[in-house]
file data.cif (mmCIF, C-alpha atoms and all ligand atoms)
data_run
loop_
_atom_site.label_atom_id
_atom_site.label_comp_id
_atom_site.auth_asym_id
_atom_site.auth_seq_id
_atom_site.Cartn_x
_atom_site.Cartn_y
_atom_site.Cartn_z
CA CYS R 5 5.01 -26.27 1.63
CA SER R 6 6.02 -25.90 -1.97
CA VAL R 7 4.37 -23.11 -3.91
CA ASP R 8 4.43 -22.64 -7.67
CA LEU R 9 5.23 -18.92 -7.68
CA ASP R 10 5.20 -18.68 -11.48
CA LYS R 11 1.66 -19.97 -11.51
CA CYS R 12 0.69 -17.67 -8.62
CA PHE R 13 2.02 -14.67 -10.57
CA GLU R 14 0.24 -15.71 -13.76
CA VAL R 15 -3.11 -16.29 -12.05
CA VAL R 16 -3.01 -13.12 -9.97
CA SER R 17 -1.92 -11.03 -12.96
CA GLN R 18 -4.99 -12.12 -14.91
CA LEU R 19 -7.30 -11.50 -11.96
CA VAL R 20 -5.83 -8.05 -11.35
CA ASP R 21 -6.45 -7.15 -15.01
CA LYS R 22 -10.08 -8.22 -14.63
CA ALA R 23 -10.43 -6.30 -11.36
CA GLY R 24 -8.79 -3.26 -12.97
CA ALA R 25 -11.32 -3.24 -15.80
CA LEU R 26 -14.13 -3.27 -13.25
CA VAL R 27 -12.62 -0.43 -11.20
CA ALA R 28 -12.06 1.65 -14.36
CA LYS R 29 -15.65 1.12 -15.52
CA ARG R 30 -17.11 2.09 -12.14
CA ASN R 31 -14.83 5.12 -11.86
CA GLU R 32 -16.65 6.69 -14.81
CA THR R 33 -19.38 7.72 -12.38
CA ARG R 34 -19.31 8.85 -8.77
CA GLN R 35 -19.84 5.97 -6.36
CA GLU R 36 -22.32 5.47 -3.55
CA PHE R 37 -20.47 4.68 -0.34
CA GLU R 38 -20.85 3.53 3.23
CA GLU R 39 -18.85 4.75 6.22
CA LYS R 40 -16.70 2.23 8.13
CA ALA R 41 -14.78 3.33 11.25
CA ASN R 42 -15.75 7.01 10.76
CA ASP R 43 -17.09 9.49 8.20
CA ILE R 44 -13.85 9.59 6.16
CA ASP R 45 -13.16 5.84 6.21
CA LEU R 46 -15.24 4.74 3.22
CA VAL R 47 -16.22 1.55 1.41
CA THR R 48 -18.13 1.09 -1.86
CA ALA R 49 -19.86 -1.90 -3.42
CA THR R 50 -16.90 -2.07 -5.83
CA ASP R 51 -14.39 -2.55 -2.97
CA LYS R 52 -16.37 -5.60 -1.84
CA GLU R 53 -16.96 -6.93 -5.35
CA VAL R 54 -13.28 -6.64 -6.35
CA GLU R 55 -12.16 -8.34 -3.15
CA GLN R 56 -14.57 -11.22 -3.81
CA LEU R 57 -13.42 -11.48 -7.44
CA LEU R 58 -9.79 -11.74 -6.36
CA ILE R 59 -10.34 -14.13 -3.43
CA GLN R 60 -12.68 -16.44 -5.37
CA GLY R 61 -10.41 -16.43 -8.43
CA LEU R 62 -7.36 -17.28 -6.32
CA LEU R 63 -9.25 -19.97 -4.38
CA ASP R 64 -10.27 -21.62 -7.66
CA SER R 65 -6.57 -22.17 -8.45
CA PHE R 66 -5.16 -22.38 -4.91
CA PRO R 67 -7.81 -23.84 -2.57
CA ASP R 68 -5.47 -23.99 0.45
CA HIS R 69 -4.23 -20.39 0.29
CA LYS R 70 -5.17 -17.88 3.02
CA PHE R 71 -6.33 -14.28 2.73
CA ILE R 72 -6.07 -11.05 4.63
CA GLY R 73 -8.31 -8.55 2.90
CA GLU R 74 -9.34 -5.03 3.80
CA GLU R 75 -13.07 -5.62 3.47
CA GLU R 76 -12.93 -9.19 4.88
CA SER R 77 -11.41 -7.76 8.03
CA ALA R 78 -13.90 -4.91 8.16
CA VAL R 79 -16.81 -7.36 8.07
CA GLY R 80 -15.44 -10.09 10.31
CA GLY R 81 -13.59 -7.75 12.67
CA ALA R 82 -11.27 -10.71 13.24
CA PRO R 83 -7.56 -10.22 13.87
CA ASN R 84 -5.37 -10.94 10.86
CA LYS R 85 -3.18 -13.79 11.98
CA LEU R 86 -0.34 -14.14 9.53
CA THR R 87 0.92 -17.74 9.42
CA ASN R 88 3.53 -19.50 7.29
CA ALA R 89 0.79 -20.58 4.86
CA PRO R 90 0.71 -18.84 1.47
CA THR R 91 -1.33 -15.72 2.26
CA TRP R 92 -2.64 -13.08 -0.13
CA ILE R 93 -2.87 -9.63 1.43
CA ILE R 94 -5.40 -7.59 -0.51
CA ASP R 95 -6.59 -4.03 -0.78
CA PRO R 96 -9.23 -4.27 -3.53
CA VAL R 97 -9.46 -0.49 -3.94
CA ASP R 98 -6.72 1.50 -2.25
CA GLY R 99 -7.68 5.15 -2.41
CA THR R 100 -11.39 4.59 -1.86
CA MET R 101 -11.92 8.30 -1.09
CA ASN R 102 -10.41 9.15 -4.49
CA PHE R 103 -12.59 6.49 -6.11
CA VAL R 104 -15.74 7.93 -4.53
CA HIS R 105 -14.83 11.31 -6.04
CA SER R 106 -13.63 9.91 -9.40
CA PHE R 107 -10.20 11.43 -8.65
CA PRO R 108 -8.13 9.11 -10.85
CA HIS R 109 -5.67 7.77 -8.27
CA SER R 110 -6.98 4.47 -6.97
CA CYS R 111 -5.43 1.07 -7.32
CA ILE R 112 -5.69 -2.61 -6.60
CA SER R 113 -2.88 -3.60 -4.26
CA ILE R 114 -2.13 -7.26 -3.68
CA GLY R 115 0.82 -9.14 -2.21
CA LEU R 116 1.58 -12.81 -1.59
CA LYS R 117 3.48 -13.91 1.50
CA VAL R 118 4.89 -17.42 1.87
CA ASN R 119 6.53 -18.31 5.19
CA LYS R 120 5.83 -14.65 6.10
CA VAL R 121 8.12 -13.43 3.28
CA THR R 122 6.59 -11.38 0.46
CA GLU R 123 7.14 -13.10 -2.89
CA ILE R 124 4.84 -11.14 -5.21
CA GLY R 125 3.44 -7.62 -5.24
CA ILE R 126 1.18 -5.90 -7.77
CA ILE R 127 -0.17 -2.35 -7.59
CA PHE R 128 -2.45 -1.47 -10.51
CA ASN R 129 -3.99 1.94 -11.11
CA PRO R 130 -6.24 1.14 -14.08
CA LEU R 131 -7.44 4.74 -14.32
CA ILE R 132 -4.15 5.99 -15.71
CA GLY R 133 -2.77 2.61 -16.81
CA GLN R 134 0.02 2.31 -14.20
CA ARG R 135 0.76 -1.32 -13.40
CA PHE R 136 3.57 -1.92 -10.94
CA SER R 137 4.79 -5.44 -10.22
CA ALA R 138 7.58 -7.16 -8.37
CA ARG R 139 8.74 -10.66 -7.52
CA ARG R 140 11.33 -11.37 -4.87
CA GLY R 141 14.81 -11.35 -6.39
CA GLN R 142 13.54 -10.40 -9.85
CA GLY R 143 13.29 -6.61 -9.73
CA ALA R 144 10.46 -4.10 -9.86
CA PHE R 145 8.58 -3.07 -12.98
CA LEU R 146 6.17 -0.44 -14.26
CA ASN R 147 4.15 -1.68 -17.24
CA GLY R 148 6.82 -4.31 -17.87
CA LYS R 149 9.75 -1.86 -17.76
CA ARG R 150 12.35 -2.17 -14.97
CA ILE R 151 12.25 0.66 -12.40
CA HIS R 152 14.71 1.86 -9.74
CA VAL R 153 14.55 4.19 -6.76
CA SER R 154 16.20 7.60 -7.17
CA GLY R 155 19.08 6.73 -4.85
CA GLN R 156 18.73 10.18 -3.22
CA LYS R 157 20.58 10.42 0.10
CA GLU R 158 20.00 14.06 1.06
CA LEU R 159 16.97 15.13 3.06
CA GLY R 160 17.15 18.63 1.58
CA LYS R 161 16.72 17.33 -1.95
CA SER R 162 13.92 14.89 -1.21
CA LEU R 163 10.36 14.79 -2.46
CA VAL R 164 8.17 13.16 0.19
CA THR R 165 4.84 11.35 -0.06
CA THR R 166 2.50 10.90 2.90
CA GLU R 167 -1.20 11.08 3.86
CA PHE R 168 -3.48 12.51 6.52
CA GLY R 169 -5.06 9.03 6.63
CA THR R 170 -8.62 7.90 7.21
CA SER R 171 -9.12 8.93 10.82
CA ARG R 172 -9.93 12.22 12.53
CA ASP R 173 -8.25 11.16 15.78
CA THR R 174 -7.10 14.45 17.30
CA ASP R 175 -3.90 13.02 18.85
CA LYS R 176 -2.89 11.60 15.49
CA LEU R 177 -3.67 14.83 13.62
CA LYS R 178 -1.59 16.76 16.16
CA VAL R 179 1.42 14.54 15.37
CA ILE R 180 0.83 14.87 11.62
CA PHE R 181 0.77 18.68 11.80
CA GLU R 182 3.83 18.71 14.06
CA ASN R 183 5.70 16.55 11.54
CA PHE R 184 4.67 18.82 8.66
CA GLN R 185 5.98 21.79 10.60
CA LYS R 186 9.33 20.07 11.08
CA ILE R 187 9.68 18.50 7.64
CA VAL R 188 8.27 21.04 5.16
CA PRO R 189 11.07 23.60 5.68
CA LYS R 190 13.74 20.88 5.23
CA VAL R 191 12.68 19.02 2.06
CA HIS R 192 11.90 19.83 -1.58
CA GLY R 193 8.19 19.19 -1.14
CA ILE R 194 5.37 16.97 0.10
CA ARG R 195 2.82 15.14 -2.07
CA MET R 196 -0.33 13.15 -1.25
CA LEU R 197 -1.78 10.89 -3.93
CA GLY R 198 -4.60 9.69 -1.68
CA ALA R 199 -3.60 6.03 -1.87
CA ALA R 200 -0.90 4.60 0.38
CA ALA R 201 0.18 1.94 -2.14
CA LEU R 202 0.60 4.48 -4.94
CA ASN R 203 2.65 6.72 -2.63
CA MET R 204 5.02 3.78 -2.04
CA ALA R 205 5.07 2.98 -5.76
CA MET R 206 6.33 6.52 -6.38
CA VAL R 207 9.40 5.77 -4.22
CA ALA R 208 10.01 2.57 -6.21
CA LEU R 209 9.69 4.55 -9.45
CA GLY R 210 12.15 7.21 -8.30
CA GLY R 211 9.43 9.89 -8.59
CA ALA R 212 9.51 10.43 -4.82
CA ASP R 213 12.38 9.81 -2.41
CA VAL R 214 10.55 9.11 0.86
CA ASN R 215 7.13 7.86 1.87
CA PHE R 216 5.93 7.68 5.44
CA GLU R 217 2.57 7.21 7.10
CA PHE R 218 1.12 6.39 10.51
CA GLY R 219 -2.19 4.47 10.33
CA VAL R 220 -1.65 2.35 7.21
CA HIS R 221 -2.83 -1.27 7.24
CA ALA R 222 -1.04 -4.44 6.10
CA TRP R 223 -3.03 -4.47 2.83
CA ASP R 224 -1.95 -0.88 2.05
CA VAL R 225 1.78 -1.68 2.30
CA CYS R 226 2.35 -5.37 1.50
CA ALA R 227 2.79 -4.95 -2.26
CA GLY R 228 4.47 -1.56 -1.79
CA GLU R 229 7.16 -3.03 0.43
CA ILE R 230 8.37 -5.62 -2.09
CA LEU R 231 8.12 -3.08 -4.90
CA VAL R 232 10.37 -0.58 -3.08
CA LEU R 233 12.84 -3.30 -2.01
CA GLU R 234 13.07 -4.76 -5.51
CA ALA R 235 13.60 -1.26 -6.92
CA GLY R 236 16.64 -0.93 -4.64
CA GLY R 237 15.06 1.06 -1.81
CA VAL R 238 14.55 0.44 1.90
CA VAL R 239 11.43 -0.02 4.02
CA ILE R 240 11.71 0.46 7.79
CA ASP R 241 9.69 1.43 10.82
CA PRO R 242 9.46 5.23 11.18
CA THR R 243 11.62 4.97 14.34
CA GLY R 244 14.49 3.60 12.21
CA ASP R 245 13.91 0.03 13.41
CA LYS R 246 12.85 -3.03 11.43
CA PHE R 247 9.59 -2.79 9.44
CA ASP R 248 6.62 -4.61 11.00
CA ILE R 249 3.76 -5.07 8.53
CA MET R 250 1.15 -5.34 11.31
CA SER R 251 2.29 -2.20 13.16
CA ARG R 252 0.36 0.26 10.95
CA ARG R 253 3.52 2.35 10.46
CA VAL R 254 5.78 2.65 7.44
CA LEU R 255 8.79 4.58 6.15
CA ALA R 256 10.09 3.80 2.66
CA ALA R 257 13.05 5.59 1.12
CA SER R 258 15.44 5.62 -1.79
CA SER R 259 18.48 4.92 0.43
CA GLU R 260 19.32 3.69 3.93
CA GLU R 261 20.99 7.05 4.72
CA LEU R 262 17.88 9.02 3.80
CA ALA R 263 15.57 6.58 5.63
CA GLN R 264 17.54 6.94 8.87
CA GLU R 265 17.94 10.71 8.54
CA PHE R 266 14.20 11.08 7.89
CA ALA R 267 13.28 8.83 10.83
CA LYS R 268 15.28 11.12 13.14
CA GLN R 269 13.07 14.09 12.19
CA LEU R 270 9.78 12.46 13.12
CA THR R 271 7.54 12.74 16.14
CA GLN R 272 6.27 9.18 16.50
CA PHE R 273 2.69 7.90 16.63
CA TYR R 274 1.57 4.32 17.37
CA PRO R 275 -1.90 3.68 15.86
CA GLN R 276 -4.15 1.32 17.83
CA PRO R 277 -5.25 -1.36 17.45
CA ARG R 278 -2.46 -3.06 15.51
CA ASP R 279 -3.53 -5.17 12.54
CA ASP R 280 -2.89 -8.44 14.39
C1 LIG A 301 -6.31 4.24 2.67
C2 LIG A 301 -5.71 5.16 1.65
C3 LIG A 301 -5.30 6.44 2.33
C4 LIG A 301 -4.30 6.19 3.42
C5 LIG A 301 -4.84 5.19 4.42
C6 LIG A 301 -5.30 3.94 3.72
P1 LIG A 301 -8.23 2.75 1.54
O1 LIG A 301 -6.70 3.01 2.08
O2 LIG A 301 -4.59 4.56 1.07
O3 LIG A 301 -4.73 7.32 1.40
O4 LIG A 301 -4.01 7.39 4.09
O5 LIG A 301 -3.83 4.90 5.36
O6 LIG A 301 -5.82 3.04 4.67
O7 LIG A 301 -9.12 2.84 2.75
O8 LIG A 301 -8.55 3.78 0.54
O9 LIG A 301 -8.16 1.37 1.00
#

call {"tool": "encode", "arguments": {"input": "data.cif", "output": "structure tokens"}}
result
Amino acid sequence: CSVDLDKCFEVVSQLVDKAGALVAKRNETRQEFEEKANDIDLVTATDKEVEQLLIQGLLDSFPDHKFIGEEESAVGGAPNKLTNAPTWIIDPVDGTMNFVHSFPHSCISIGLKVNKVTEIGIIFNPLIGQRFSARRGQGAFLNGKRIHVSGQKELGKSLVTTEFGTSRDTDKLKVIFENFQKIVPKVHGIRMLGAAALNMAMVALGGADVNFEFGVHAWDVCAGEILVLEAGGVVIDPTGDKFDIMSRRVLAASSEELAQEFAKQLTQFYPQPRDD
């Protein structure tokens, strides 16, 4: 099918601005929340409202487009079948834990896939005015200014972003601690922003050199992937293989050499269930 990507970008940009204003307003006060899969997997009324705003706004312009949204999936519990149809993959508030605490690192993360290829990605942290965007073949931008990965190739000089994630699964935590033990002595440092999409955006910006996480969802990484690629970086599976957006695993880096070297260090974990 033919898709007017310019129009898609224009419409989604306006909707993301509107959603950002709402998130910023709500972040002025601490938010009531509900627990989803467990007591650290949270959702607020704003997550649901922003997702509705984005989906309804996109449907008004593109009635035949499909959606895979974090809160949609949480409610329906349905598997996220990605087809060739234009599909918006949406995290209305990535960094919900931060949002609940008014820790100013939350963002709207939205990507558009057409024929399963990501064409558009936007990651907007309205709390500190950081708006990342990318279109396939057109580069990556922060607030309209072109950005590039650092190009770092050496593990020993790398700043790494990652997360503990939103589960208390003991097997997973064991792997996370094991990886920290292996990685911390070998790199410059480790950072956690509390939002998977913003961690990836830091690699695109050149502020961090590697991002990896086990347990992410498609909506956490869809926009981040295109942003890192368009900034000149690489996105792979943490084993070193090809990235699979439904696998709940990601490794982004500033160079292929660093990505592969980093992958070799890791004890692997395969979160279940997959997103599809
Ligand atoms: C989560 C956050 C968290 C990351 C998880 C994500 P949410 O997204 O980005 O930092 O560790 O993997 O699922 O629930 O805040 O939208």

call {"tool": "closest_residue", "arguments": {"input": "data.cif", "among": "R:Ala200, R:Ala28, R:Ala144, R:Ala222", "to": "R:Gly236", "atoms": "only C-alpha atoms"}}
result
R:Ala144

call {"tool": "closest_atom_pairs", "arguments": {"input": "data.cif", "of": "chain R", "to": "ligand LIG 301 (chain A)", "cutoff": "6 Å", "atoms": "only C-alpha atoms and all ligand atoms", "output": "Markdown table"}}
result
| residue | atom | partner | partner_atom | distance |
| --- | --- | --- | --- | --- |
| R:Asp95 | CA | A:LIG301 | O9 | 5.9 |
| R:Val97 | CA | A:LIG301 | O9 | 5.4 |
| R:Asp98 | CA | A:LIG301 | O9 | 3.6 |
| R:Gly99 | CA | A:LIG301 | O8 | 3.4 |
| R:Thr100 | CA | A:LIG301 | O8 | 3.8 |
| R:Met101 | CA | A:LIG301 | O8 | 5.9 |
| R:Glu167 | CA | A:LIG301 | O4 | 4.6 |
| R:Phe168 | CA | A:LIG301 | O4 | 5.7 |
| R:Gly169 | CA | A:LIG301 | O4 | 3.2 |
| R:Thr170 | CA | A:LIG301 | C5 | 5.4 |
| R:Gly198 | CA | A:LIG301 | O3 | 3.9 |
| R:Ala199 | CA | A:LIG301 | O2 | 3.4 |
| R:Ala200 | CA | A:LIG301 | O2 | 3.8 |
| R:Gly219 | CA | A:LIG301 | O5 | 5.3 |
| R:Val220 | CA | A:LIG301 | O5 | 3.8 |
| R:His221 | CA | A:LIG301 | O6 | 5.8 |

call {"tool": "write_last_selection", "arguments": {"input": "data.cif", "atoms": "C-alpha atoms", "output": "PDB file, keeping the file's coordinate frame"}}
result
ATOM      1  CA  ASP R  95      -6.590  -4.030  -0.780  1.00  0.00           C
ATOM      2  CA  VAL R  97      -9.460  -0.490  -3.940  1.00  0.00           C
ATOM      3  CA  ASP R  98      -6.720   1.500  -2.250  1.00  0.00           C
ATOM      4  CA  GLY R  99      -7.680   5.150  -2.410  1.00  0.00           C
ATOM      5  CA  THR R 100     -11.390   4.590  -1.860  1.00  0.00           C
ATOM      6  CA  MET R 101     -11.920   8.300  -1.090  1.00  0.00           C
ATOM      7  CA  GLU R 167      -1.200  11.080   3.860  1.00  0.00           C
ATOM      8  CA  PHE R 168      -3.480  12.510   6.520  1.00  0.00           C
ATOM      9  CA  GLY R 169      -5.060   9.030   6.630  1.00  0.00           C
ATOM     10  CA  THR R 170      -8.620   7.900   7.210  1.00  0.00           C
ATOM     11  CA  GLY R 198      -4.600   9.690  -1.680  1.00  0.00           C
ATOM     12  CA  ALA R 199      -3.600   6.030  -1.870  1.00  0.00           C
ATOM     13  CA  ALA R 200      -0.900   4.600   0.380  1.00  0.00           C
ATOM     14  CA  GLY R 219      -2.190   4.470  10.330  1.00  0.00           C
ATOM     15  CA  VAL R 220      -1.650   2.350   7.210  1.00  0.00           C
ATOM     16  CA  HIS R 221      -2.830  -1.270   7.240  1.00  0.00           C
TER      17      HIS R 221
END

call {"tool": "residues_around", "arguments": {"input": "data.cif", "residues": "R:His105", "least_positions_apart": "5", "cutoff": "10 Å", "atoms": "all atoms listed in the file", "output": "PyMOL selection string"}}
result
chain R and resi 31+33-36+100

call {"tool": "closest_residue", "arguments": {"input": "data.cif", "among": "R:Glu229, R:Glu74, R:Asp21, R:Glu38", "to": "R:Gln134", "atoms": "all atoms listed in the file"}}
result
R:Asp21

call {"tool": "atom_distance", "arguments": {"input": "data.cif", "atom1": "atom CA of R:Lys120", "atom2": "atom CA of R:Glu234"}}
result
16.9 Å

call {"tool": "atom_distance", "arguments": {"input": "data.cif", "atom1": "atom CA of R:Asn215", "atom2": "atom CA of R:Thr166"}}
result
5.6 Å

call {"tool": "atom_distance", "arguments": {"input": "data.cif", "atom1": "atom CA of R:Asp51", "atom2": "atom CA of R:Arg30"}}
result
10.6 Å

call {"tool": "residues_around", "arguments": {"input": "data.cif", "residues": "R:Arg278", "least_positions_apart": "4", "cutoff": "9 Å", "atoms": "all atoms listed in the file", "output": "list of chain:residue names"}}
result
R:Pro83, R:His221, R:Met250, R:Ser251, R:Arg252, R:Tyr274

call {"tool": "residues_near_point", "arguments": {"input": "data.cif", "point": "(-12.4, 1.2, 8.1)", "cutoff": "10 Å", "atoms": "all atoms listed in the file", "output": "PDB file with C-alpha atoms, in the coordinates of the input"}}
result
ATOM      1  CA  GLU R  39     -18.850   4.750   6.220  1.00  0.00           C
ATOM      2  CA  LYS R  40     -16.700   2.230   8.130  1.00  0.00           C
ATOM      3  CA  ALA R  41     -14.780   3.330  11.250  1.00  0.00           C
ATOM      4  CA  ASN R  42     -15.750   7.010  10.760  1.00  0.00           C
ATOM      5  CA  ASP R  43     -17.090   9.490   8.200  1.00  0.00           C
ATOM      6  CA  ILE R  44     -13.850   9.590   6.160  1.00  0.00           C
ATOM      7  CA  ASP R  45     -13.160   5.840   6.210  1.00  0.00           C
ATOM      8  CA  LEU R  46     -15.240   4.740   3.220  1.00  0.00           C
ATOM      9  CA  VAL R  47     -16.220   1.550   1.410  1.00  0.00           C
ATOM     10  CA  GLU R  74      -9.340  -5.030   3.800  1.00  0.00           C
ATOM     11  CA  GLU R  75     -13.070  -5.620   3.470  1.00  0.00           C
ATOM     12  CA  SER R  77     -11.410  -7.760   8.030  1.00  0.00           C
ATOM     13  CA  ALA R  78     -13.900  -4.910   8.160  1.00  0.00           C
ATOM     14  CA  VAL R  79     -16.810  -7.360   8.070  1.00  0.00           C
ATOM     15  CA  THR R 170      -8.620   7.900   7.210  1.00  0.00           C
ATOM     16  CA  SER R 171      -9.120   8.930  10.820  1.00  0.00           C
ATOM     17  CA  HIS R 221      -2.830  -1.270   7.240  1.00  0.00           C
TER      18      HIS R 221
END

call {"tool": "closest_residue", "arguments": {"input": "data.cif", "among": "R:Glu261, R:Lys176, R:Lys117, R:Phe266", "to": "R:Lys190", "atoms": "only C-alpha atoms"}}
result
R:Phe266

call {"tool": "residues_around", "arguments": {"input": "data.cif", "residues": "R:Pro130", "least_positions_apart": "3", "cutoff": "10 Å", "atoms": "all atoms listed in the file", "output": "ChimeraX atom specification"}}
result
/R:20-21,23-29,31,108-112,127,133-135

call {"tool": "residues_around", "arguments": {"input": "data.cif", "residues": "R:Ala257", "least_positions_apart": "5", "cutoff": "12 Å", "atoms": "all atoms listed in the file", "output": "VMD selection string"}}
result
chain R and resid 152 to 159 162 to 166 203 to 216 228 to 229 231 to 233 235 to 242 244 262 to 267

call {"tool": "build_atoms", "arguments": {"input": "data.cif", "residues": "stretch 262-276 of chain R", "atoms": "N, CA and C atoms", "output": "CSV table (one decimal), in the frame of the given file"}}
result
chain,number,residue,atom,x,y,z
R,262,LEU,N,19.0,8.1,3.8
R,262,LEU,CA,17.9,9.0,3.8
R,262,LEU,C,16.8,8.5,4.8
R,263,ALA,N,16.6,7.2,4.7
R,263,ALA,CA,15.6,6.6,5.6
R,263,ALA,C,15.9,6.9,7.1
R,264,GLN,N,17.2,6.7,7.5
R,264,GLN,CA,17.5,6.9,8.9
R,264,GLN,C,17.5,8.4,9.2
R,265,GLU,N,17.9,9.3,8.3
R,265,GLU,CA,17.9,10.7,8.5
R,265,GLU,C,16.5,11.2,8.7
R,266,PHE,N,15.6,10.7,7.8
R,266,PHE,CA,14.2,11.1,7.9
R,266,PHE,C,13.6,10.6,9.2
R,267,ALA,N,13.9,9.4,9.6
R,267,ALA,CA,13.3,8.8,10.8
R,267,ALA,C,13.6,9.7,12.0
R,268,LYS,N,14.8,10.3,12.0
R,268,LYS,CA,15.3,11.1,13.1
R,268,LYS,C,14.5,12.4,13.3
R,269,GLN,N,13.8,12.8,12.2
R,269,GLN,CA,13.1,14.1,12.2
R,269,GLN,C,11.7,13.9,12.8
R,270,LEU,N,11.2,12.7,12.8
R,270,LEU,CA,9.8,12.5,13.1
R,270,LEU,C,9.4,12.4,14.6
R,271,THR,N,8.2,13.0,14.9
R,271,THR,CA,7.5,12.7,16.1
R,271,THR,C,6.8,11.5,15.9
R,272,GLN,N,6.8,10.5,16.8
R,272,GLN,CA,6.3,9.2,16.5
R,272,GLN,C,4.8,9.1,16.9
R,273,PHE,N,4.1,8.2,16.2
R,273,PHE,CA,2.7,7.9,16.6
R,273,PHE,C,2.5,6.4,16.4
R,274,TYR,N,1.8,5.8,17.4
R,274,TYR,CA,1.6,4.3,17.4
R,274,TYR,C,0.1,4.0,17.3
R,275,PRO,N,-0.5,3.9,16.0
R,275,PRO,CA,-1.9,3.7,15.9
R,275,PRO,C,-2.4,2.4,16.6
R,276,GLN,N,-3.5,2.5,17.2
R,276,GLN,CA,-4.2,1.3,17.8
R,276,GLN,C,-5.5,1.1,17.3
